[in-house]
Amino acid sequence: MTVPMDMLNPAIVDIGPEGLSVSCTASGPQLGLEEPEDKFEGPLAIQLELSEQEGRISVTGTLESTAIRQCVRCLADYSEPLVVSLYAEYLPQASVGAKSAPAEQGRRPARRGAQPVEPEEEADEEDELYWYQGDHLDLVPMLREQVILAAPMQPICREACLGLCPQCGQNLNERRCGCPPAQAPSPFRVLRGRGSKGEHA
Ligand SMILES: [Zn+2]
Ligand SMILES: [Zn+2]
């Protein structure tokens with residue numbers, strides 16, 4: 001069952017200090033997650049708790065589904081459970097200037113270092129900050145972003161995936177091919193070749 005998308009676009013007045021629970025399902029495309037990059041088996045189940053204090057809205061919850069990913073080794077599709085823990089803070093758009101300026105200044109020294117190691121806590125805080133405008137909160141961009149961030153950079157169908165034969169392209173998880181093992185060109189052969197050329201000259 002897919003609930004109307006206004007569940008993900010609640011009115012600020014409905015949140016209030018005592019909070020608001022949002023429980024609904026959405027499809028990938030409803031969250032702007034389109035194939036082929038983002039494929040899911042069934043709907044995405046969304047459970048959120050919202051609370052508002054002096055214009056600052058915190059959102060916690062989970063998003064669950066089954067993601068279909070493509071293995072980078074064997075290129076086969078496989079499915080895996082997707083469980084995203086959500087945490088976001090929303091600030092009213094009017095305070096963007098005031099809040100973002102000091103945060104940027106605080107991060108500048110870290111970027112100047114020889115090794116660009118981001119201070120993790122600060123980076124996380126920044127990533128979880130969103131802005132809202134008007135009298136409704138649009139949760140869709142945040143949900144889309146969190147699902148994308150949760151995806152592995154190098155999806156692998158299983159630890160022991162054998163991948164594809166580099167010569168014939170056979171998926172080696174399914175069956176072995178008859179190709180001889182690939183041999184790297186020996187550096188000795190190259191040297192010998194050069195040497196014999198020298199003798200002839
Ligand atoms: Zn694989
Ligand atoms: Zn082969």
# chains A, B, ... in the order shown; residues from 1 in each chain; ligands from 1

call {"tool": "residues_around", "arguments": {"residues": "Leu86 (chain A)", "least_positions_apart": "3", "cutoff": "9 Å", "atoms": "only C-alpha atoms", "output": "JSON, numbers by chain"}}
result
{"A": [48, 59, 60, 61, 62, 63, 143, 146]}

call {"tool": "residues_near_ligand", "arguments": {"ligand": "ligand 1", "cutoff": "10 Å", "atoms": "only C-alpha atoms and all ligand atoms", "output": "list in words"}}
result
Gln70, Cys71, Val72, Arg73, Cys74, Leu75, Ala76, Asp77, Tyr78, Pro155, Ile156, Cys157, Arg158, Glu159, Ala160, Cys161, Leu162, Gly163, Leu164, Asn171, Leu172 and Asn173 of chain A

call {"tool": "closest_atom_pairs", "arguments": {"of": "chain A", "to": "ligand 2", "cutoff": "7 Å", "atoms": "only C-alpha atoms and all ligand atoms", "output": "Markdown table"}}
result
| residue | atom | partner | partner_atom_place_in_ligand_line | distance |
| --- | --- | --- | --- | --- |
| A:Cys165 | CA | ligand 2 | 1 (Zn) | 4.6 |
| A:Pro166 | CA | ligand 2 | 1 (Zn) | 6.6 |
| A:Gln167 | CA | ligand 2 | 1 (Zn) | 5.0 |
| A:Cys168 | CA | ligand 2 | 1 (Zn) | 4.0 |
| A:Gly169 | CA | ligand 2 | 1 (Zn) | 6.0 |
| A:Gln170 | CA | ligand 2 | 1 (Zn) | 5.6 |
| A:Cys177 | CA | ligand 2 | 1 (Zn) | 4.5 |
| A:Gly178 | CA | ligand 2 | 1 (Zn) | 5.8 |
| A:Cys179 | CA | ligand 2 | 1 (Zn) | 4.3 |

call {"tool": "atom_distance", "arguments": {"atom1": "CA of Leu33 (chain A)", "atom2": "CA of Asn9 (chain A)"}}
result
17.2 Å

call {"tool": "closest_residue", "arguments": {"among": "A:Ala94, A:Met142, A:Leu82, A:Ile68", "to": "Asp38 (chain A)", "atoms": "only C-alpha atoms"}}
result
A:Ile68

call {"tool": "residues_around", "arguments": {"residues": "Glu35 (chain A)", "least_positions_apart": "6", "cutoff": "12 Å", "atoms": "only C-alpha atoms", "output": "ChimeraX atom specification"}}
result
/A:27-29,41,67-70

call {"tool": "atom_distance", "arguments": {"atom1": "CA of Gly16 (chain A)", "atom2": "CA of Arg144 (chain A)"}}
result
24.5 Å

call {"tool": "closest_residue", "arguments": {"among": "A:Ser65, A:Leu20, A:Ala88, A:Ala45", "to": "Leu139 (chain A)", "atoms": "only C-alpha atoms"}}
result
A:Ala88
